[in-house]
>>> print(open('structure_18.txt').read())   # compact mmCIF, C-alpha atoms
# COMPACT_ATOMS: atom_id res chain seq x y z
CA MET H 1 55.63 68.64 141.33
CA ARG H 2 54.44 68.08 144.90
CA PHE H 3 52.10 70.23 146.96
CA ILE H 4 51.68 70.79 150.67
CA ASN H 5 48.34 70.02 152.29
CA PRO H 6 46.29 73.25 152.55
CA LYS H 7 44.27 71.69 155.39
CA ILE H 8 47.31 72.06 157.70
CA ASP H 9 46.95 75.37 159.54
CA TYR H 10 50.51 76.50 158.72
CA ALA H 11 49.93 75.95 154.99
CA PHE H 12 46.39 77.34 155.04
CA LYS H 13 47.56 80.62 156.57
CA ARG H 14 50.42 80.94 154.08
CA ILE H 15 48.13 80.34 151.08
CA PHE H 16 45.19 82.51 152.17
CA GLY H 17 46.67 84.91 154.71
CA SER H 18 49.89 86.39 153.32
CA ASP H 19 50.41 89.89 151.93
CA GLN H 20 50.27 88.38 148.44
CA SER H 21 47.02 86.48 149.07
CA GLN H 22 44.41 89.22 148.65
CA ASP H 23 43.21 88.10 145.21
CA ILE H 24 43.27 84.45 146.29
CA LEU H 25 41.23 85.16 149.40
CA ILE H 26 38.78 87.37 147.47
CA SER H 27 38.10 84.57 144.97
CA PHE H 28 37.72 81.98 147.73
CA LEU H 29 35.34 84.11 149.81
CA ASN H 30 33.27 85.11 146.77
CA ALA H 31 32.84 81.40 146.08
CA ILE H 32 31.97 80.33 149.62
CA ILE H 33 29.99 83.36 150.86
CA TYR H 34 28.43 84.67 147.65
CA ASN H 35 28.06 81.48 145.57
CA GLY H 36 30.68 82.58 143.05
CA GLU H 37 29.32 86.09 142.48
CA ASN H 38 32.00 88.76 142.18
CA THR H 39 30.71 90.65 145.23
CA ILE H 40 33.94 91.26 147.15
CA LYS H 41 36.18 93.66 145.21
CA SER H 42 38.87 94.30 147.81
CA LEU H 43 39.87 93.37 151.33
CA THR H 44 42.61 93.84 153.90
CA ILE H 45 44.16 90.84 155.62
CA ILE H 46 44.70 91.44 159.35
CA ASN H 47 47.97 90.18 160.88
CA PRO H 48 49.10 88.49 157.67
CA TYR H 49 51.44 85.53 157.57
CA THR H 50 55.03 86.50 156.77
CA PRO H 51 57.70 84.22 155.26
CA GLY H 52 59.76 82.42 157.86
CA GLN H 53 57.01 82.63 160.48
CA ILE H 54 57.12 79.52 162.67
CA ILE H 55 53.88 78.21 164.12
CA THR H 56 54.39 75.51 166.73
CA LEU H 57 50.98 75.76 168.38
CA LYS H 58 47.85 77.63 167.42
CA GLU H 59 48.02 80.81 169.47
CA THR H 60 44.57 81.61 168.11
CA TYR H 61 41.86 79.44 166.69
CA LEU H 62 41.50 81.83 163.75
CA ASP H 63 43.71 81.11 160.75
CA VAL H 64 42.83 84.21 158.70
CA LYS H 65 41.03 87.45 159.50
CA ALA H 66 40.13 90.05 156.88
CA VAL H 67 38.16 93.28 156.54
CA LEU H 68 36.14 93.65 153.32
CA GLN H 69 35.62 96.85 151.34
CA ASP H 70 32.25 97.42 153.07
CA ASN H 71 33.98 97.04 156.48
CA SER H 72 32.48 93.61 157.10
CA ILE H 73 34.85 91.35 159.01
CA VAL H 74 35.49 87.76 157.95
CA ILE H 75 37.15 85.26 160.28
CA ILE H 76 38.26 81.93 158.85
CA GLU H 77 39.25 78.71 160.56
CA MET H 78 40.42 75.37 159.19
CA GLN H 79 39.70 72.49 161.60
CA ILE H 80 40.67 68.90 160.79
CA ALA H 81 39.24 67.18 163.89
CA THR H 82 36.24 67.88 166.08
CA THR H 83 36.84 68.88 169.68
CA THR H 84 34.66 69.22 172.77
CA ALA H 85 32.14 72.07 172.39
CA PHE H 86 33.58 73.01 168.99
CA ASP H 87 30.19 74.37 167.89
CA LYS H 88 30.15 76.70 170.91
CA ARG H 89 33.71 77.82 170.22
CA VAL H 90 32.82 78.86 166.69
CA ALA H 91 29.83 80.88 167.97
CA TYR H 92 32.02 82.43 170.68
CA ASN H 93 34.66 83.56 168.18
CA LEU H 94 31.94 85.11 166.03
CA SER H 95 30.31 87.02 168.88
CA LYS H 96 33.64 88.04 170.41
CA THR H 97 34.85 89.48 167.10
CA TYR H 98 31.58 91.40 166.77
CA ALA H 99 31.64 92.79 170.32
CA ASN H 100 35.35 93.68 170.27
CA GLN H 101 34.74 96.31 167.59
CA LEU H 102 33.52 98.74 170.28
CA ASP H 103 35.15 100.18 173.35
CA ARG H 104 32.94 101.04 176.32
CA GLY H 105 30.69 104.02 175.59
CA GLU H 106 30.88 103.85 171.81
CA ARG H 107 27.72 103.81 169.67
CA TYR H 108 26.27 100.61 168.32
CA HIS H 109 25.83 101.99 164.81
CA LEU H 110 29.61 101.66 164.46
CA LEU H 111 29.34 97.86 164.57
CA ASN H 112 30.03 96.10 161.26
CA PRO H 113 28.81 92.67 160.15
CA VAL H 114 30.93 89.64 161.01
CA ILE H 115 31.03 86.40 159.02
CA ALA H 116 32.66 83.26 160.40
CA VAL H 117 33.78 80.79 157.72
CA THR H 118 34.65 77.43 159.27
CA ILE H 119 36.12 74.65 157.13
CA THR H 120 35.94 71.21 158.73
CA ASP H 121 37.51 67.92 157.73
CA PHE H 122 34.67 66.17 159.53
CA ILE H 123 30.88 66.22 159.29
CA MET H 124 29.09 68.64 161.61
CA PHE H 125 25.56 68.45 160.25
CA GLY H 126 24.46 64.93 159.40
CA GLU H 127 20.89 66.09 158.79
CA THR H 128 21.78 67.65 155.41
CA GLU H 129 23.77 66.56 152.37
CA LYS H 130 24.85 70.14 151.66
CA VAL H 131 28.60 70.74 151.67
CA VAL H 132 28.26 74.44 152.46
CA THR H 133 25.75 75.43 155.15
CA LYS H 134 24.89 79.00 156.16
CA PHE H 135 23.22 80.24 159.34
CA VAL H 136 21.72 83.64 160.20
CA PHE H 137 19.21 84.92 162.75
CA LYS H 138 15.64 84.20 161.61
CA GLU H 139 12.19 84.33 163.16
CA GLU H 140 11.47 80.89 164.57
CA ASP H 141 8.10 80.21 162.91
CA GLU H 142 8.05 82.36 159.76
CA SER H 143 11.78 82.36 158.98
CA PHE H 144 12.13 86.04 158.09
CA GLU H 145 15.53 87.50 158.94
CA TYR H 146 16.27 89.63 161.98
CA LYS H 147 16.23 93.35 161.14
CA SER H 148 19.90 93.85 161.98
CA ASN H 149 21.21 90.58 160.61
CA VAL H 150 24.91 91.23 161.05
CA LEU H 151 26.14 87.81 162.20
CA LYS H 152 26.56 84.85 159.89
CA LEU H 153 28.02 81.36 160.34
CA ILE H 154 29.19 79.45 157.28
CA PHE H 155 30.49 75.89 157.39
CA VAL H 156 32.28 73.97 154.65
CA GLN H 157 32.24 70.22 155.42
CA LEU H 158 34.95 68.68 153.24
CA PRO H 159 34.01 64.98 153.69
CA LYS H 160 30.63 65.65 152.05
CA PHE H 161 32.27 66.82 148.84
CA GLN H 162 32.52 63.74 146.62
CA LYS H 163 32.92 65.21 143.12
CA SER H 164 35.78 64.03 140.93
CA LEU H 165 37.99 66.40 138.96
CA ALA H 166 35.95 65.65 135.84
CA GLU H 167 32.72 66.60 137.63
CA ILE H 168 33.68 69.97 139.11
CA GLN H 169 32.21 72.97 137.30
CA THR H 170 31.56 75.94 139.57
CA LEU H 171 33.98 78.20 141.40
CA ILE H 172 32.74 76.70 144.68
CA ASP H 173 33.49 73.19 143.40
CA LYS H 174 36.99 74.17 142.34
CA TRP H 175 37.94 75.82 145.63
CA ILE H 176 36.60 72.94 147.72
CA TYR H 177 38.41 70.47 145.46
CA PHE H 178 41.58 72.52 145.98
CA LEU H 179 41.23 72.27 149.76
CA LYS H 180 40.46 68.56 149.76
CA GLU H 181 42.70 67.16 147.02
CA THR H 182 45.74 69.43 146.56
CA SER H 183 48.10 67.23 148.59
CA TYR H 184 47.37 64.33 146.18
CA LEU H 185 48.05 66.28 142.97
CA GLU H 186 51.21 65.91 140.89
CA THR H 187 50.49 68.72 138.41
CA ILE H 188 48.13 71.67 138.18
CA PRO H 189 44.94 70.30 136.56
CA GLU H 190 43.60 72.30 133.65
CA LYS H 191 40.22 72.77 135.35
CA LEU H 192 41.83 74.38 138.39
CA GLY H 193 44.31 76.37 136.32
CA GLU H 194 41.37 78.04 134.56
CA VAL H 195 40.93 80.13 137.72
CA PRO H 196 44.03 82.39 138.01
CA GLU H 197 43.64 82.71 141.79
CA ILE H 198 43.55 78.93 142.26
CA GLU H 199 46.58 78.55 140.00
CA ARG H 200 48.44 81.08 142.19
CA ALA H 201 47.29 79.22 145.32
CA LEU H 202 48.69 75.99 143.88
CA ASN H 203 51.97 77.70 143.06
CA ILE H 204 52.19 78.91 146.66
CA ALA H 205 51.45 75.34 147.81
CA ASN H 206 54.24 73.96 145.61
CA GLN H 207 56.80 72.40 147.93
CA ALA H 208 59.56 73.87 145.78
CA ASN H 209 58.67 77.29 147.20
CA PHE H 210 59.30 76.19 150.80
CA SER H 211 62.59 76.13 152.64
CA LEU H 212 63.69 72.90 154.31
CA GLU H 213 62.85 74.45 157.68
CA GLU H 214 59.35 75.35 156.50
CA LEU H 215 58.75 71.89 155.02
CA ASP H 216 59.86 70.36 158.31
CA GLN H 217 57.45 72.64 160.14
CA VAL H 218 54.61 71.63 157.82
CA ASP H 219 55.40 67.95 158.42
CA ARG H 220 55.50 68.42 162.19
CA ARG H 221 52.24 70.36 162.20
CA GLY H 222 50.64 67.70 160.02
CA MET H 223 51.78 64.92 162.36
CA ALA H 224 50.60 66.86 165.43
CA LEU H 225 47.17 67.40 163.90
CA GLN H 226 46.89 63.74 162.93
CA ASP H 227 47.89 62.77 166.46
CA GLU H 228 45.17 65.06 167.77
CA ARG H 229 42.64 63.45 165.45
CA GLY H 230 43.81 60.02 166.56
CA ARG H 231 43.39 60.87 170.24
CA ILE H 232 39.89 62.17 169.64
CA THR H 233 38.91 59.09 167.64
CA ALA H 234 40.37 56.75 170.29
CA ALA H 235 38.47 58.54 173.05
CA LYS H 236 35.19 58.29 171.11
CA SER H 237 35.80 54.60 170.42
CA GLU H 238 36.50 53.89 174.10
CA ILE H 239 33.34 55.66 175.29
CA LEU H 240 31.21 53.91 172.67
CA MET H 241 32.69 50.54 173.57
CA ARG H 242 31.82 51.08 177.23
CA GLN H 243 28.24 51.87 176.26
CA LEU H 244 27.98 48.74 174.11
CA ASN H 245 29.51 46.53 176.80
CA LYS H 246 27.07 47.88 179.35
CA ARG H 247 24.10 47.34 177.06
CA PHE H 248 24.89 44.04 175.33
CA GLY H 249 27.54 42.46 177.53
CA GLU H 250 31.25 42.03 176.82
CA ILE H 251 32.05 42.74 173.16
CA SER H 252 34.47 40.23 171.63
CA ASN H 253 37.91 41.29 170.42
CA GLN H 254 36.92 40.23 166.90
CA ILE H 255 34.14 42.82 166.90
CA SER H 256 36.03 45.54 168.78
CA ARG H 257 38.93 45.36 166.31
CA GLN H 258 36.54 46.54 163.59
CA PHE H 259 36.28 49.84 165.46
CA ASP H 260 39.92 50.55 164.56
CA TYR H 261 38.83 51.09 160.96
CA LEU H 262 36.09 53.59 161.78
CA SER H 263 36.63 57.32 161.37
CA ALA H 264 35.53 59.90 163.92
CA THR H 265 32.49 60.58 161.74
CA ASP H 266 31.69 56.85 161.60
CA LEU H 267 31.86 56.70 165.39
CA ASP H 268 29.54 59.69 165.70
CA ASN H 269 27.06 57.99 163.35
CA LEU H 270 27.33 54.74 165.28
CA ALA H 271 26.74 56.55 168.59
CA GLU H 272 23.41 57.75 167.17
CA ALA H 273 22.54 54.42 165.53
CA VAL H 274 23.19 52.41 168.69
CA LEU H 275 20.18 54.06 170.31
CA ASP H 276 18.00 52.07 167.90
CA PHE H 277 19.84 48.75 168.32
CA ASN H 278 17.89 46.00 170.05
CA ASN H 279 20.68 43.45 170.25
CA LEU H 280 24.27 42.68 169.25
CA GLU H 281 23.11 41.46 165.85
CA ASP H 282 22.04 45.01 164.98
CA LEU H 283 25.59 46.20 165.69
CA LEU H 284 27.05 43.50 163.45
CA ILE H 285 24.68 44.44 160.64
CA TRP H 286 25.66 48.12 160.97
CA LEU H 287 29.37 47.28 160.85
CA GLU H 288 28.88 45.04 157.81
CA GLU H 289 26.93 47.74 155.98
CA ARG H 290 29.68 50.26 156.77
CA LYS H 291 32.22 48.02 154.97
CA SER H 292 30.30 48.42 151.71
CA PHE H 293 30.73 52.22 151.70
>>> encode(input="structure_18.txt", output="structure tokens")
Amino acid sequence: MRFINPKIDYAFKRIFGSDQSQDILISFLNAIIYNGENTIKSLTIINPYTPGQIITLKETYLDVKAVLQDNSIVIIEMQIATTTAFDKRVAYNLSKTYANQLDRGERYHLLNPVIAVTITDFIMFGETEKVVTKFVFKEEDESFEYKSNVLKLIFVQLPKFQKSLAEIQTLIDKWIYFLKETSYLETIPEKLGEVPEIERALNIANQANFSLEELDQVDRRGMALQDERGRITAAKSEILMRQLNKRFGEISNQISRQFDYLSATDLDNLAEAVLDFNNLEDLLIWLEERKSF
């Protein structure tokens, strides 16, 4: 048994955004938004994926959009590589979805809460070890919430999740493990199969349920996304190398080749660390320490 990678937008939308995905999406959102509590009872998926749908380019940055039983709107995006002003784009999509509920002249009491769930295959917030981070409007000094707190940003940073299959316990753990590790599975693990919605998600992700055309599309999307990640990483590496050359003189090829093994997250961390370097020796120490991870 082989499974497609749910981190690929085509696969993600099919698993979580089809007409048959309501129960799957409810379980996932209850885990991520409500810490596993059975808060969401029903929802409606907007513009659901339909079999045979071909996605060559992302026409929208949103992979799934749903309206909950209390009329709250949830927008979900899976992003495998950081892009310029990505943080601003997420905030823009949240505010745009909120504002677009009203036509000119309508009353503000008709506005419903909007929650943006963003899953990233890179680290956005290095200042915390938390995998799931949640943001709302709060008073700056005393941290009480804004009276009409109807906007929420939730981020799931997959690289921070390091639990093995034997270590996962909660519904949150199981869904994040599903997102991160499904493409490496050969069978449905018992721990994941204990959750009926995850078992159904895995069955949808089973390559046997895809046509040859769909599998080809998944492969092409996966390669395109990896190419995008590669371009971003190469650009970061080039900029960082220029900074190091300017500060410490020409960097040798022996040192620069080590940059080829650094991820985009590593390069981001190095860009911050280099501010504290006093000489080239500090760079070499950092690179040597990175090898031990």
>>> closest_residue(input="structure_18.txt", among="H:Ala11, H:Leu262, H:Val150, H:Ala91", to="H:Leu110", atoms="only C-alpha atoms")
H:Val150
>>> axis_aligned_box(input="structure_18.txt", around="stretch 93-108 of chain H", padding_each_side="4 Å", output="lines of an AutoDock Vina configuration file")
center_x = 30.8
center_y = 93.8
center_z = 171.2
size_x = 17.1
size_y = 28.5
size_z = 18.3
>>> atom_distance(input="structure_18.txt", atom1="atom CA of H:Phe161", atom2="atom CA of H:Ile285")
26.4 Å
>>> closest_residue(input="structure_18.txt", among="H:Pro48, H:Asp260, H:Glu140, H:Ile255", to="H:Glu288", atoms="all atoms listed in the file")
H:Ile255
>>> residues_around(input="structure_18.txt", residues="H:Lys180", least_positions_apart="5", cutoff="10 Å", atoms="only C-alpha atoms", output="PyMOL selection string")
chain H and resi 5-7+121+158-159+161-162+174-175
>>> residues_around(input="structure_18.txt", residues="H:Asp63", least_positions_apart="2", cutoff="8 Å", atoms="all atoms listed in the file", output="list in words")
Asp9, Phe12, Lys13, Gly17, Thr60, Tyr61, Lys65, Ile75, Ile76, Glu77 and Met78 of chain H
>>> residues_around(input="structure_18.txt", residues="H:Ala81", least_positions_apart="2", cutoff="8 Å", atoms="all atoms listed in the file", output="PDB file with C-alpha atoms, in the coordinates of the input")
ATOM      1  CA  GLN H  79      39.700  72.490 161.600  1.00  0.00           C
ATOM      2  CA  THR H  83      36.840  68.880 169.680  1.00  0.00           C
ATOM      3  CA  THR H 120      35.940  71.210 158.730  1.00  0.00           C
ATOM      4  CA  ASP H 121      37.510  67.920 157.730  1.00  0.00           C
ATOM      5  CA  PHE H 122      34.670  66.170 159.530  1.00  0.00           C
ATOM      6  CA  LEU H 225      47.170  67.400 163.900  1.00  0.00           C
ATOM      7  CA  GLU H 228      45.170  65.060 167.770  1.00  0.00           C
ATOM      8  CA  ARG H 229      42.640  63.450 165.450  1.00  0.00           C
ATOM      9  CA  ILE H 232      39.890  62.170 169.640  1.00  0.00           C
TER      10      ILE H 232
END
>>> closest_residue(input="structure_18.txt", among="H:Val218, H:Leu151, H:Leu212, H:Leu202", to="H:Ile8", atoms="all atoms listed in the file")
H:Val218
>>> atom_distance(input="structure_18.txt", atom1="atom CA of H:Ile45", atom2="atom CA of H:Pro113")
16.1 Å
>>> residues_around(input="structure_18.txt", residues="H:Met124", least_positions_apart="3", cutoff="9 Å", atoms="only C-alpha atoms", output="PDB file with C-alpha atoms, in the frame of the given file")
ATOM      1  CA  THR H  82      36.240  67.880 166.080  1.00  0.00           C
ATOM      2  CA  ASP H  87      30.190  74.370 167.890  1.00  0.00           C
ATOM      3  CA  THR H 120      35.940  71.210 158.730  1.00  0.00           C
ATOM      4  CA  PHE H 155      30.490  75.890 157.390  1.00  0.00           C
ATOM      5  CA  GLN H 157      32.240  70.220 155.420  1.00  0.00           C
ATOM      6  CA  THR H 265      32.490  60.580 161.740  1.00  0.00           C
TER       7      THR H 265
END
>>> closest_residue(input="structure_18.txt", among="H:Glu139, H:Leu280, H:Thr97, H:Ser164", to="H:Ser252", atoms="all atoms listed in the file")
H:Leu280
>>> atom_distance(input="structure_18.txt", atom1="atom CA of H:Phe86", atom2="atom CA of H:Arg257")
28.3 Å
>>> closest_residue(input="structure_18.txt", among="H:Leu153, H:Leu165, H:Leu171, H:Val74", to="H:Ile188", atoms="all atoms listed in the file")
H:Leu165
>>> closest_residue(input="structure_18.txt", among="H:Arg220, H:Ser143, H:Leu283, H:Asn35", to="H:Met241", atoms="only C-alpha atoms")
H:Leu283
>>> residues_around(input="structure_18.txt", residues="H:Met1", least_positions_apart="4", cutoff="9 Å", atoms="all atoms listed in the file", output="list in words")
Leu185, Glu186, Thr187, Ile188, Asn206, Gln207 and Ala208 of chain H
>>> decode(input="structure_18.txt", residues="stretch 164-199 of chain H", atoms="C-alpha atoms", output="compact mmCIF listing (two decimals), in the first residue's frame")
# COMPACT_ATOMS: atom_id res chain seq x y z
CA SER H 164 7.43 9.06 16.67
CA LEU H 165 4.44 6.84 15.97
CA ALA H 166 4.93 5.18 19.37
CA GLU H 167 4.82 8.57 21.11
CA ILE H 168 1.66 10.05 19.61
CA GLN H 169 -1.35 10.05 21.92
CA THR H 170 -3.75 12.94 21.32
CA LEU H 171 -5.98 13.68 18.36
CA ILE H 172 -3.75 16.67 17.55
CA ASP H 173 -0.68 14.41 17.52
CA LYS H 174 -2.36 11.93 15.20
CA TRP H 175 -3.52 14.50 12.65
CA ILE H 176 -0.15 16.24 12.54
CA TYR H 177 1.58 12.87 12.19
CA PHE H 178 -0.80 12.11 9.32
CA LEU H 179 0.16 15.32 7.53
CA LYS H 180 3.88 14.86 8.06
CA GLU H 181 4.41 11.12 7.64
CA THR H 182 1.67 9.67 5.42
CA SER H 183 3.80 9.57 2.28
CA TYR H 184 6.31 7.31 4.11
CA LEU H 185 3.74 4.79 5.37
CA GLU H 186 3.25 1.33 3.86
CA THR H 187 0.19 0.34 5.90
CA ILE H 188 -2.36 2.08 8.09
CA PRO H 189 -0.84 2.12 11.60
CA GLU H 190 -3.09 0.90 14.38
CA LYS H 191 -2.73 4.19 16.28
CA LEU H 192 -4.00 6.20 13.33
CA GLY H 193 -6.68 3.66 12.45
CA GLU H 194 -8.17 4.15 15.92
CA VAL H 195 -9.57 7.46 14.62
CA PRO H 196 -12.19 6.58 11.95
CA GLU H 197 -11.78 9.95 10.21
CA ILE H 198 -8.00 9.51 9.90
CA GLU H 199 -8.49 5.97 8.60
